[in-house]
>>> print(open('my_file.tsv').read())   # TSV, N, CA and C atoms
chain	number	residue	atom	x	y	z
A	30	MET	N	-95.99	142.91	246.48
A	30	MET	CA	-94.86	143.62	245.93
A	30	MET	C	-95.36	144.78	245.07
A	31	ASP	N	-94.81	145.95	245.30
A	31	ASP	CA	-95.20	147.15	244.56
A	31	ASP	C	-94.33	147.26	243.31
A	32	ILE	N	-94.97	147.18	242.15
A	32	ILE	CA	-94.22	147.24	240.90
A	32	ILE	C	-94.21	148.64	240.28
A	33	ARG	N	-94.82	149.60	240.97
A	33	ARG	CA	-94.87	150.96	240.41
A	33	ARG	C	-93.49	151.55	240.15
A	34	PRO	N	-92.51	151.36	241.05
A	34	PRO	CA	-91.18	151.90	240.72
A	34	PRO	C	-90.58	151.25	239.46
A	35	LEU	N	-90.83	149.98	239.27
A	35	LEU	CA	-90.33	149.29	238.08
A	35	LEU	C	-91.01	149.82	236.81
A	36	VAL	N	-92.31	150.04	236.89
A	36	VAL	CA	-93.04	150.58	235.74
A	36	VAL	C	-92.60	152.02	235.46
A	37	SER	N	-92.36	152.79	236.52
A	37	SER	CA	-91.88	154.16	236.34
A	37	SER	C	-90.49	154.18	235.71
A	38	LEU	N	-89.63	153.27	236.15
A	38	LEU	CA	-88.30	153.16	235.54
A	38	LEU	C	-88.43	152.76	234.07
A	39	SER	N	-89.34	151.85	233.77
A	39	SER	CA	-89.57	151.44	232.39
A	39	SER	C	-90.01	152.62	231.53
A	40	ALA	N	-90.86	153.47	232.09
A	40	ALA	CA	-91.32	154.66	231.36
A	40	ALA	C	-90.16	155.59	231.06
A	41	ARG	N	-89.28	155.79	232.04
A	41	ARG	CA	-88.12	156.65	231.81
A	41	ARG	C	-87.19	156.05	230.76
A	42	LEU	N	-87.03	154.72	230.79
A	42	LEU	CA	-86.19	154.07	229.78
A	42	LEU	C	-86.80	154.20	228.39
A	43	MET	N	-88.13	154.09	228.31
A	43	MET	CA	-88.80	154.26	227.01
A	43	MET	C	-88.64	155.69	226.50
A	44	GLU	N	-88.70	156.67	227.40
A	44	GLU	CA	-88.47	158.05	226.99
A	44	GLU	C	-87.06	158.24	226.46
A	45	ALA	N	-86.11	157.66	227.17
A	45	ALA	CA	-84.71	157.76	226.72
A	45	ALA	C	-84.54	157.06	225.37
A	46	ALA	N	-85.19	155.92	225.20
A	46	ALA	CA	-85.09	155.21	223.93
A	46	ALA	C	-85.71	156.04	222.81
A	47	GLY	N	-86.81	156.73	223.09
A	47	GLY	CA	-87.44	157.58	222.08
A	47	GLY	C	-86.56	158.73	221.66
A	48	GLY	N	-86.00	159.42	222.64
A	48	GLY	CA	-85.08	160.51	222.33
A	48	GLY	C	-83.83	160.01	221.63
A	49	GLY	N	-83.32	158.88	222.11
A	49	GLY	CA	-82.13	158.30	221.49
A	49	GLY	C	-82.38	157.87	220.06
A	50	ALA	N	-83.55	157.29	219.81
A	50	ALA	CA	-83.88	156.86	218.44
A	50	ALA	C	-83.92	158.06	217.50
A	51	MET	N	-84.47	159.17	217.97
A	51	MET	CA	-84.54	160.35	217.11
A	51	MET	C	-83.16	160.94	216.85
A	52	VAL	N	-82.35	161.07	217.91
A	52	VAL	CA	-81.02	161.66	217.74
A	52	VAL	C	-80.12	160.76	216.91
A	53	LEU	N	-80.09	159.47	217.26
A	53	LEU	CA	-79.25	158.53	216.51
A	53	LEU	C	-79.72	158.41	215.06
A	54	GLY	N	-81.03	158.37	214.86
A	54	GLY	CA	-81.56	158.30	213.51
A	54	GLY	C	-81.21	159.53	212.69
A	55	ALA	N	-81.25	160.70	213.32
A	55	ALA	CA	-80.88	161.93	212.62
A	55	ALA	C	-79.41	161.91	212.23
A	56	LEU	N	-78.57	161.44	213.13
A	56	LEU	CA	-77.14	161.36	212.82
A	56	LEU	C	-76.86	160.36	211.71
A	57	ILE	N	-77.52	159.21	211.78
A	57	ILE	CA	-77.33	158.20	210.72
A	57	ILE	C	-77.82	158.74	209.38
A	58	ALA	N	-78.97	159.42	209.38
A	58	ALA	CA	-79.49	159.99	208.13
A	58	ALA	C	-78.52	161.04	207.57
A	59	LEU	N	-77.94	161.84	208.45
A	59	LEU	CA	-76.99	162.86	208.02
A	59	LEU	C	-75.73	162.24	207.43
A	60	PHE	N	-75.18	161.25	208.13
A	60	PHE	CA	-73.97	160.59	207.62
A	60	PHE	C	-74.25	159.83	206.32
A	61	ALA	N	-75.43	159.22	206.22
A	61	ALA	CA	-75.79	158.52	204.99
A	61	ALA	C	-75.85	159.50	203.82
A	62	MET	N	-76.42	160.68	204.08
A	62	MET	CA	-76.51	161.68	203.02
A	62	MET	C	-75.12	162.17	202.63
A	63	MET	N	-74.25	162.36	203.62
A	63	MET	CA	-72.92	162.90	203.33
A	63	MET	C	-72.00	161.89	202.65
A	64	PHE	N	-72.10	160.62	203.01
A	64	PHE	CA	-71.14	159.65	202.52
A	64	PHE	C	-71.74	158.59	201.59
A	65	ARG	N	-72.85	158.00	201.98
A	65	ARG	CA	-73.41	156.90	201.22
A	65	ARG	C	-74.11	157.38	199.94
A	66	HIS	N	-74.81	158.52	200.03
A	66	HIS	CA	-75.58	159.02	198.90
A	66	HIS	C	-74.85	160.15	198.18
A	67	ARG	N	-73.55	160.18	198.31
A	67	ARG	CA	-72.76	161.28	197.75
A	67	ARG	C	-72.89	161.38	196.23
A	68	GLY	N	-72.95	160.26	195.52
A	68	GLY	CA	-73.00	160.28	194.07
A	68	GLY	C	-74.36	160.56	193.48
A	69	LEU	N	-75.38	160.61	194.31
A	69	LEU	CA	-76.73	160.83	193.80
A	69	LEU	C	-76.95	162.31	193.49
A	70	PRO	N	-77.93	162.59	192.63
A	70	PRO	CA	-78.30	164.00	192.42
A	70	PRO	C	-78.76	164.61	193.74
A	71	PRO	N	-78.51	165.90	193.95
A	71	PRO	CA	-78.86	166.53	195.23
A	71	PRO	C	-80.32	166.35	195.64
A	72	ALA	N	-81.23	166.41	194.69
A	72	ALA	CA	-82.65	166.28	195.03
A	72	ALA	C	-82.95	164.87	195.57
A	73	GLU	N	-82.34	163.86	194.98
A	73	GLU	CA	-82.56	162.48	195.42
A	73	GLU	C	-81.90	162.24	196.78
A	74	ALA	N	-80.69	162.78	196.99
A	74	ALA	CA	-80.02	162.64	198.28
A	74	ALA	C	-80.84	163.31	199.37
A	75	TYR	N	-81.39	164.48	199.08
A	75	TYR	CA	-82.22	165.19	200.06
A	75	TYR	C	-83.49	164.40	200.37
A	76	ARG	N	-84.11	163.82	199.33
A	76	ARG	CA	-85.32	163.03	199.54
A	76	ARG	C	-85.03	161.83	200.43
A	77	LEU	N	-83.92	161.15	200.20
A	77	LEU	CA	-83.55	160.00	201.03
A	77	LEU	C	-83.23	160.44	202.46
A	78	PHE	N	-82.59	161.60	202.61
A	78	PHE	CA	-82.32	162.13	203.95
A	78	PHE	C	-83.61	162.38	204.70
A	79	ARG	N	-84.57	163.04	204.04
A	79	ARG	CA	-85.86	163.31	204.68
A	79	ARG	C	-86.58	162.02	205.05
A	80	LEU	N	-86.52	161.03	204.17
A	80	LEU	CA	-87.16	159.75	204.43
A	80	LEU	C	-86.55	159.07	205.65
A	81	ASN	N	-85.23	159.03	205.72
A	81	ASN	CA	-84.57	158.40	206.87
A	81	ASN	C	-84.80	159.18	208.16
A	82	LEU	N	-84.76	160.50	208.07
A	82	LEU	CA	-85.01	161.32	209.26
A	82	LEU	C	-86.45	161.15	209.74
A	83	GLY	N	-87.39	161.13	208.82
A	83	GLY	CA	-88.79	160.93	209.18
A	83	GLY	C	-89.03	159.58	209.84
A	84	ARG	N	-88.36	158.55	209.35
A	84	ARG	CA	-88.49	157.23	209.97
A	84	ARG	C	-87.96	157.23	211.40
A	85	ALA	N	-86.86	157.93	211.62
A	85	ALA	CA	-86.30	158.03	212.97
A	85	ALA	C	-87.27	158.76	213.90
A	86	ILE	N	-87.88	159.81	213.41
A	86	ILE	CA	-88.85	160.56	214.22
A	86	ILE	C	-90.06	159.69	214.54
A	87	LEU	N	-90.54	158.95	213.55
A	87	LEU	CA	-91.68	158.06	213.79
A	87	LEU	C	-91.36	157.00	214.84
A	88	LEU	N	-90.17	156.42	214.76
A	88	LEU	CA	-89.78	155.41	215.75
A	88	LEU	C	-89.69	156.04	217.14
A	89	GLY	N	-89.11	157.22	217.22
A	89	GLY	CA	-89.02	157.91	218.51
A	89	GLY	C	-90.39	158.23	219.08
A	90	LEU	N	-91.32	158.65	218.23
A	90	LEU	CA	-92.69	158.94	218.69
A	90	LEU	C	-93.36	157.69	219.25
A	91	GLU	N	-93.12	156.54	218.65
A	91	GLU	CA	-93.72	155.30	219.16
A	91	GLU	C	-93.21	154.99	220.56
A	92	PHE	N	-91.91	155.17	220.79
A	92	PHE	CA	-91.35	154.96	222.12
A	92	PHE	C	-91.94	155.96	223.12
A	93	LEU	N	-92.11	157.21	222.70
A	93	LEU	CA	-92.63	158.23	223.61
A	93	LEU	C	-94.09	157.96	223.98
A	94	VAL	N	-94.88	157.47	223.04
A	94	VAL	CA	-96.27	157.10	223.35
A	94	VAL	C	-96.28	155.97	224.37
A	95	ALA	N	-95.42	154.97	224.17
A	95	ALA	CA	-95.34	153.86	225.12
A	95	ALA	C	-94.94	154.37	226.51
A	96	ALA	N	-94.01	155.31	226.57
A	96	ALA	CA	-93.59	155.87	227.85
A	96	ALA	C	-94.75	156.59	228.54
A	97	ASP	N	-95.52	157.34	227.77
A	97	ASP	CA	-96.67	158.05	228.36
A	97	ASP	C	-97.71	157.07	228.90
A	98	ILE	N	-97.94	156.00	228.18
A	98	ILE	CA	-98.90	155.00	228.65
A	98	ILE	C	-98.40	154.35	229.93
A	99	LEU	N	-97.13	153.97	229.95
A	99	LEU	CA	-96.57	153.36	231.16
A	99	LEU	C	-96.63	154.31	232.35
A	100	ARG	N	-96.31	155.57	232.12
A	100	ARG	CA	-96.32	156.54	233.21
A	100	ARG	C	-97.73	156.72	233.77
A	101	THR	N	-98.71	156.72	232.90
A	101	THR	CA	-100.09	156.91	233.36
A	101	THR	C	-100.56	155.72	234.18
A	102	VAL	N	-100.25	154.51	233.75
A	102	VAL	CA	-100.73	153.34	234.49
A	102	VAL	C	-99.88	153.02	235.70
A	103	SER	N	-98.68	153.64	235.84
A	103	SER	CA	-97.85	153.35	236.99
A	103	SER	C	-98.43	153.97	238.26
A	104	ASN	N	-99.16	155.04	238.11
A	104	ASN	CA	-99.84	155.66	239.25
A	104	ASN	C	-101.32	155.30	239.18
A	105	GLU	N	-102.02	155.67	240.19
A	105	GLU	CA	-103.47	155.50	240.12
A	105	GLU	C	-104.00	156.64	239.26
A	106	PRO	N	-104.39	156.34	238.03
A	106	PRO	CA	-104.76	157.42	237.11
A	106	PRO	C	-106.06	158.10	237.52
A	107	THR	N	-106.01	159.41	237.48
A	107	THR	CA	-107.22	160.20	237.68
A	107	THR	C	-107.83	160.47	236.31
A	108	LEU	N	-109.02	161.02	236.32
A	108	LEU	CA	-109.66	161.37	235.05
A	108	LEU	C	-108.80	162.37	234.29
A	109	ARG	N	-108.21	163.31	235.02
A	109	ARG	CA	-107.33	164.30	234.38
A	109	ARG	C	-106.13	163.62	233.72
A	110	ASP	N	-105.51	162.66	234.40
A	110	ASP	CA	-104.36	161.94	233.85
A	110	ASP	C	-104.74	161.20	232.57
A	111	VAL	N	-105.88	160.55	232.59
A	111	VAL	CA	-106.33	159.80	231.41
A	111	VAL	C	-106.63	160.74	230.25
A	112	LEU	N	-107.25	161.89	230.54
A	112	LEU	CA	-107.54	162.86	229.48
A	112	LEU	C	-106.26	163.44	228.89
A	113	VAL	N	-105.29	163.75	229.75
A	113	VAL	CA	-104.01	164.27	229.26
A	113	VAL	C	-103.32	163.21	228.40
A	114	LEU	N	-103.32	161.96	228.86
A	114	LEU	CA	-102.73	160.87	228.07
A	114	LEU	C	-103.44	160.74	226.73
A	115	GLY	N	-104.76	160.79	226.74
A	115	GLY	CA	-105.51	160.69	225.49
A	115	GLY	C	-105.15	161.80	224.52
A	116	LEU	N	-104.99	163.00	225.04
A	116	LEU	CA	-104.62	164.13	224.19
A	116	LEU	C	-103.21	163.95	223.63
A	117	ILE	N	-102.28	163.50	224.47
A	117	ILE	CA	-100.91	163.28	224.02
A	117	ILE	C	-100.88	162.20	222.94
A	118	VAL	N	-101.58	161.10	223.17
A	118	VAL	CA	-101.61	160.02	222.18
A	118	VAL	C	-102.27	160.50	220.89
A	119	LEU	N	-103.31	161.29	221.01
A	119	LEU	CA	-103.99	161.82	219.82
A	119	LEU	C	-103.05	162.69	219.00
A	120	VAL	N	-102.34	163.60	219.66
A	120	VAL	CA	-101.42	164.50	218.95
A	120	VAL	C	-100.29	163.70	218.30
A	121	ARG	N	-99.72	162.76	219.05
A	121	ARG	CA	-98.61	161.99	218.50
A	121	ARG	C	-99.07	161.05	217.39
A	122	THR	N	-100.27	160.52	217.49
A	122	THR	CA	-100.80	159.69	216.42
A	122	THR	C	-101.03	160.53	215.16
A	123	PHE	N	-101.56	161.74	215.34
A	123	PHE	CA	-101.73	162.65	214.21
A	123	PHE	C	-100.39	162.96	213.56
A	124	LEU	N	-99.37	163.21	214.37
A	124	LEU	CA	-98.03	163.45	213.83
A	124	LEU	C	-97.51	162.24	213.05
A	125	SER	N	-97.74	161.05	213.60
A	125	SER	CA	-97.30	159.84	212.91
A	125	SER	C	-98.00	159.69	211.56
A	126	PHE	N	-99.30	159.91	211.55
A	126	PHE	CA	-100.04	159.80	210.29
A	126	PHE	C	-99.57	160.82	209.26
A	127	THR	N	-99.41	162.06	209.69
A	127	THR	CA	-99.01	163.09	208.74
A	127	THR	C	-97.58	162.87	208.25
A	128	LEU	N	-96.70	162.37	209.12
A	128	LEU	CA	-95.34	162.07	208.68
A	128	LEU	C	-95.34	160.92	207.67
A	129	THR	N	-96.17	159.91	207.90
A	129	THR	CA	-96.25	158.81	206.95
A	129	THR	C	-96.76	159.30	205.60
A	130	VAL	N	-97.76	160.15	205.61
A	130	VAL	CA	-98.28	160.70	204.35
A	130	VAL	C	-97.21	161.53	203.66
A	131	GLU	N	-96.50	162.34	204.43
A	131	GLU	CA	-95.46	163.20	203.87
A	131	GLU	C	-94.32	162.38	203.28
A	132	LEU	N	-93.91	161.34	203.98
A	132	LEU	CA	-92.75	160.57	203.55
A	132	LEU	C	-93.07	159.56	202.46
A	133	GLU	N	-94.19	158.88	202.59
A	133	GLU	CA	-94.49	157.77	201.69
A	133	GLU	C	-95.59	158.08	200.68
A	134	GLY	N	-96.28	159.20	200.85
A	134	GLY	CA	-97.31	159.58	199.89
A	134	GLY	C	-98.57	158.73	199.98
A	135	ARG	N	-98.81	158.12	201.13
A	135	ARG	CA	-100.01	157.30	201.32
A	135	ARG	C	-100.37	157.31	202.80
A	136	TRP	N	-101.62	156.97	203.10
A	136	TRP	CA	-102.04	156.83	204.49
A	136	TRP	C	-101.48	155.52	205.05
A	137	PRO	N	-101.25	155.45	206.35
A	137	PRO	CA	-100.64	154.23	206.92
A	137	PRO	C	-101.43	152.95	206.66
A	138	TRP	N	-102.73	153.04	206.48
A	138	TRP	CA	-103.53	151.84	206.27
A	138	TRP	C	-103.63	151.45	204.80
A	139	GLN	N	-103.12	152.26	203.90
A	139	GLN	CA	-103.14	151.92	202.48
A	139	GLN	C	-101.95	151.03	202.15
A	140	PRO	N	-102.14	150.11	201.19
A	140	PRO	CA	-101.01	149.26	200.81
A	140	PRO	C	-99.92	150.08	200.12
A	141	GLU	N	-98.71	149.59	200.23
A	141	GLU	CA	-97.59	150.28	199.59
A	141	GLU	C	-97.70	150.12	198.08
A	142	ARG	N	-97.36	151.18	197.39
A	142	ARG	CA	-97.30	151.13	195.93
A	142	ARG	C	-95.92	150.65	195.56
A	143	GLU	N	-95.85	149.64	194.71
A	143	GLU	CA	-94.56	149.02	194.41
A	143	GLU	C	-93.61	149.95	193.68
A	144	HIS	N	-94.10	150.73	192.75
A	144	HIS	CA	-93.21	151.57	191.96
A	144	HIS	C	-93.57	153.04	192.13
A	145	ALA	N	-93.87	153.44	193.38
A	145	ALA	CA	-94.28	154.82	193.61
A	145	ALA	C	-93.12	155.78	193.40
A	146	ARG	N	-91.98	155.51	194.04
A	146	ARG	CA	-90.81	156.36	193.90
A	146	ARG	C	-89.58	155.47	193.81
A	147	PRO	N	-88.94	155.44	192.69
A	147	PRO	CA	-87.73	154.62	192.61
A	147	PRO	C	-86.63	155.24	193.45
A	148	THR	N	-85.84	154.40	194.11
A	148	THR	CA	-84.75	154.90	194.94
A	148	THR	C	-83.48	155.12	194.13
A	149	ALA	N	-83.39	154.55	192.98
A	149	ALA	CA	-82.24	154.76	192.11
A	149	ALA	C	-82.73	154.71	190.67
A	150	SER	N	-81.90	155.22	189.78
A	150	SER	CA	-82.32	155.19	188.37
A	150	SER	C	-82.31	153.76	187.87
A	151	PRO	N	-83.22	153.42	186.94
A	151	PRO	CA	-83.29	152.06	186.43
A	151	PRO	C	-82.02	151.71	185.66
A	152	PRO	N	-81.67	150.43	185.62
A	152	PRO	CA	-80.45	150.05	184.89
A	152	PRO	C	-80.60	150.32	183.39
A	153	ARG	N	-79.50	150.68	182.79
A	153	ARG	CA	-79.50	150.94	181.35
A	153	ARG	C	-79.42	149.64	180.58
A	154	PRO	N	-80.10	149.56	179.45
A	154	PRO	CA	-79.98	148.34	178.64
A	154	PRO	C	-78.57	148.22	178.07
A	155	PRO	N	-78.08	146.99	177.85
A	155	PRO	CA	-76.71	146.82	177.32
A	155	PRO	C	-76.56	147.29	175.90
>>> encode(input="my_file.tsv", output="structure tokens")
Amino acid sequence: MDIRPLVSLSARLMEAAGGGAMVLGALIALFAMMFRHRGLPPAEAYRLFRLNLGRAILLGLEFLVAADILRTVSNEPTLRDVLVLGLIVLVRTFLSFTLTVELEGRWPWQPEREHARPTASPPRPP
């Protein structure tokens, strides 16, 4: 049984999921900024918007990398195909790393800082 058409279909579905994750994530981030974070100071609302949008982009990039890997292995890969895949994965991995640094202020392999950026102002004493 030839499973290449199934793997190719899976790659297309992963691409659609990647694009969908980015578009849907952008819309959710926009609506959250407009309605959920309305009472926050503009700088904090913008920071949360960027954080949510960046997370959506990162999720979409992960799906797109998976789609590229599936597409490459669905055919008999040539050296050129493997090199192109390696370059695509390298660029997307670099984008993921730089987005993580930009959004969270740390490298992906570093532990999270517990009190790096508060999401809301601390409660006032009674």
>>> select_by_dssp(input="my_file.tsv", residues="chain A", states="helix (DSSP H, G or I)", output="PyMOL selection string")
chain A and resi 33-65+71-103+108-133
>>> residues_around(input="my_file.tsv", residues="stretch 119-126 of chain A", least_positions_apart="5", cutoff="6.5 Å", atoms="all atoms listed in the file", output="list in words")
Leu87, Leu114, Glu131 and Pro137 of chain A
>>> write_last_selection(input="my_file.tsv", atoms="N, CA and C atoms", output="mmCIF file, in the frame of the given file")
data_model
loop_
_atom_site.group_PDB
_atom_site.id
_atom_site.type_symbol
_atom_site.label_atom_id
_atom_site.label_comp_id
_atom_site.auth_asym_id
_atom_site.auth_seq_id
_atom_site.Cartn_x
_atom_site.Cartn_y
_atom_site.Cartn_z
ATOM 1 N N LEU A 87 -90.540 158.950 213.550
ATOM 2 C CA LEU A 87 -91.680 158.060 213.790
ATOM 3 C C LEU A 87 -91.360 157.000 214.840
ATOM 4 N N LEU A 114 -103.320 161.960 228.860
ATOM 5 C CA LEU A 114 -102.730 160.870 228.070
ATOM 6 C C LEU A 114 -103.440 160.740 226.730
ATOM 7 N N GLU A 131 -96.500 162.340 204.430
ATOM 8 C CA GLU A 131 -95.460 163.200 203.870
ATOM 9 C C GLU A 131 -94.320 162.380 203.280
ATOM 10 N N PRO A 137 -101.250 155.450 206.350
ATOM 11 C CA PRO A 137 -100.640 154.230 206.920
ATOM 12 C C PRO A 137 -101.430 152.950 206.660
#
>>> closest_residue(input="my_file.tsv", among="A:Leu69, A:Leu116, A:Leu80, A:Ile86", to="A:Val52", atoms="all atoms listed in the file")
A:Ile86
>>> closest_residue(input="my_file.tsv", among="A:Leu132, A:Arg100, A:Pro70, A:Arg41", to="A:Arg84", atoms="only N, CA and C atoms")
A:Leu132
>>> closest_residue(input="my_file.tsv", among="A:Leu112, A:Arg67, A:Leu93, A:Leu99", to="A:Gly47", atoms="all atoms listed in the file")
A:Leu93
>>> atom_distance(input="my_file.tsv", atom1="atom CA of A:Phe78", atom2="atom CA of A:His66")
9.0 Å
>>> atom_distance(input="my_file.tsv", atom1="atom CA of A:Ser37", atom2="atom N of A:Leu108")
18.5 Å
>>> closest_residue(input="my_file.tsv", among="A:Gly83, A:Pro71, A:Gly115, A:Pro34", to="A:Ala55", atoms="all atoms listed in the file")
A:Gly83
>>> atom_distance(input="my_file.tsv", atom1="atom CA of A:Ala50", atom2="atom CA of A:Leu82")
10.3 Å
>>> closest_residue(input="my_file.tsv", among="A:Ala72, A:Met30, A:Val111, A:Ala40", to="A:Ala96", atoms="only C-alpha atoms")
A:Ala40
>>> closest_residue(input="my_file.tsv", among="A:Glu133, A:Ser103, A:Trp138, A:Phe64", to="A:Leu35", atoms="all atoms listed in the file")
A:Ser103
>>> decode(input="my_file.tsv", residues="stretch 118-141 of chain A", atoms="N, CA and C atoms", output="PDB file, in the first residue's frame")
ATOM      1  N   VAL A 118      13.988  24.699   7.942  1.00  0.00           N
ATOM      2  CA  VAL A 118      13.919  24.429   9.379  1.00  0.00           C
ATOM      3  C   VAL A 118      14.856  25.358  10.136  1.00  0.00           C
ATOM      4  N   LEU A 119      16.030  25.607   9.588  1.00  0.00           N
ATOM      5  CA  LEU A 119      16.986  26.511  10.235  1.00  0.00           C
ATOM      6  C   LEU A 119      16.414  27.919  10.354  1.00  0.00           C
ATOM      7  N   VAL A 120      15.836  28.434   9.277  1.00  0.00           N
ATOM      8  CA  VAL A 120      15.276  29.786   9.295  1.00  0.00           C
ATOM      9  C   VAL A 120      14.101  29.860  10.265  1.00  0.00           C
ATOM     10  N   ARG A 121      13.218  28.866  10.215  1.00  0.00           N
ATOM     11  CA  ARG A 121      12.053  28.900  11.099  1.00  0.00           C
ATOM     12  C   ARG A 121      12.445  28.696  12.555  1.00  0.00           C
ATOM     13  N   THR A 122      13.463  27.899  12.811  1.00  0.00           N
ATOM     14  CA  THR A 122      13.946  27.735  14.180  1.00  0.00           C
ATOM     15  C   THR A 122      14.544  29.039  14.686  1.00  0.00           C
ATOM     16  N   PHE A 123      15.310  29.717  13.831  1.00  0.00           N
ATOM     17  CA  PHE A 123      15.863  31.020  14.196  1.00  0.00           C
ATOM     18  C   PHE A 123      14.746  32.005  14.516  1.00  0.00           C
ATOM     19  N   LEU A 124      13.694  32.011  13.698  1.00  0.00           N
ATOM     20  CA  LEU A 124      12.551  32.885  13.965  1.00  0.00           C
ATOM     21  C   LEU A 124      11.890  32.545  15.300  1.00  0.00           C
ATOM     22  N   SER A 125      11.748  31.254  15.573  1.00  0.00           N
ATOM     23  CA  SER A 125      11.149  30.842  16.844  1.00  0.00           C
ATOM     24  C   SER A 125      11.987  31.315  18.025  1.00  0.00           C
ATOM     25  N   PHE A 126      13.291  31.135  17.927  1.00  0.00           N
ATOM     26  CA  PHE A 126      14.172  31.565  19.017  1.00  0.00           C
ATOM     27  C   PHE A 126      14.106  33.073  19.221  1.00  0.00           C
ATOM     28  N   THR A 127      14.182  33.826  18.135  1.00  0.00           N
ATOM     29  CA  THR A 127      14.179  35.278  18.278  1.00  0.00           C
ATOM     30  C   THR A 127      12.828  35.784  18.772  1.00  0.00           C
ATOM     31  N   LEU A 128      11.736  35.144  18.353  1.00  0.00           N
ATOM     32  CA  LEU A 128      10.428  35.542  18.872  1.00  0.00           C
ATOM     33  C   LEU A 128      10.314  35.246  20.363  1.00  0.00           C
ATOM     34  N   THR A 129      10.840  34.112  20.798  1.00  0.00           N
ATOM     35  CA  THR A 129      10.807  33.787  22.220  1.00  0.00           C
ATOM     36  C   THR A 129      11.610  34.804  23.019  1.00  0.00           C
ATOM     37  N   VAL A 130      12.777  35.172  22.523  1.00  0.00           N
ATOM     38  CA  VAL A 130      13.596  36.179  23.211  1.00  0.00           C
ATOM     39  C   VAL A 130      12.861  37.512  23.245  1.00  0.00           C
ATOM     40  N   GLU A 131      12.253  37.884  22.133  1.00  0.00           N
ATOM     41  CA  GLU A 131      11.542  39.159  22.054  1.00  0.00           C
ATOM     42  C   GLU A 131      10.340  39.190  22.994  1.00  0.00           C
ATOM     43  N   LEU A 132       9.602  38.096  23.049  1.00  0.00           N
ATOM     44  CA  LEU A 132       8.368  38.082  23.832  1.00  0.00           C
ATOM     45  C   LEU A 132       8.604  37.838  25.315  1.00  0.00           C
ATOM     46  N   GLU A 133       9.507  36.930  25.636  1.00  0.00           N
ATOM     47  CA  GLU A 133       9.673  36.519  27.026  1.00  0.00           C
ATOM     48  C   GLU A 133      10.951  37.036  27.671  1.00  0.00           C
ATOM     49  N   GLY A 134      11.851  37.607  26.876  1.00  0.00           N
ATOM     50  CA  GLY A 134      13.074  38.160  27.437  1.00  0.00           C
ATOM     51  C   GLY A 134      14.076  37.110  27.892  1.00  0.00           C
ATOM     52  N   ARG A 135      13.991  35.910  27.342  1.00  0.00           N
ATOM     53  CA  ARG A 135      14.917  34.834  27.701  1.00  0.00           C
ATOM     54  C   ARG A 135      15.040  33.887  26.513  1.00  0.00           C
ATOM     55  N   TRP A 136      16.118  33.108  26.502  1.00  0.00           N
ATOM     56  CA  TRP A 136      16.284  32.081  25.481  1.00  0.00           C
ATOM     57  C   TRP A 136      15.349  30.911  25.798  1.00  0.00           C
ATOM     58  N   PRO A 137      14.919  30.164  24.793  1.00  0.00           N
ATOM     59  CA  PRO A 137      13.961  29.069  25.049  1.00  0.00           C
ATOM     60  C   PRO A 137      14.456  28.022  26.043  1.00  0.00           C
ATOM     61  N   TRP A 138      15.761  27.830  26.154  1.00  0.00           N
ATOM     62  CA  TRP A 138      16.280  26.808  27.059  1.00  0.00           C
ATOM     63  C   TRP A 138      16.507  27.329  28.474  1.00  0.00           C
ATOM     64  N   GLN A 139      16.341  28.617  28.699  1.00  0.00           N
ATOM     65  CA  GLN A 139      16.499  29.170  30.035  1.00  0.00           C
ATOM     66  C   GLN A 139      15.198  29.007  30.814  1.00  0.00           C
ATOM     67  N   PRO A 140      15.315  28.801  32.139  1.00  0.00           N
ATOM     68  CA  PRO A 140      14.090  28.682  32.930  1.00  0.00           C
ATOM     69  C   PRO A 140      13.338  30.008  32.970  1.00  0.00           C
ATOM     70  N   GLU A 141      12.038  29.907  33.151  1.00  0.00           N
ATOM     71  CA  GLU A 141      11.224  31.119  33.239  1.00  0.00           C
ATOM     72  C   GLU A 141      11.521  31.836  34.541  1.00  0.00           C
TER      73      GLU A 141
END
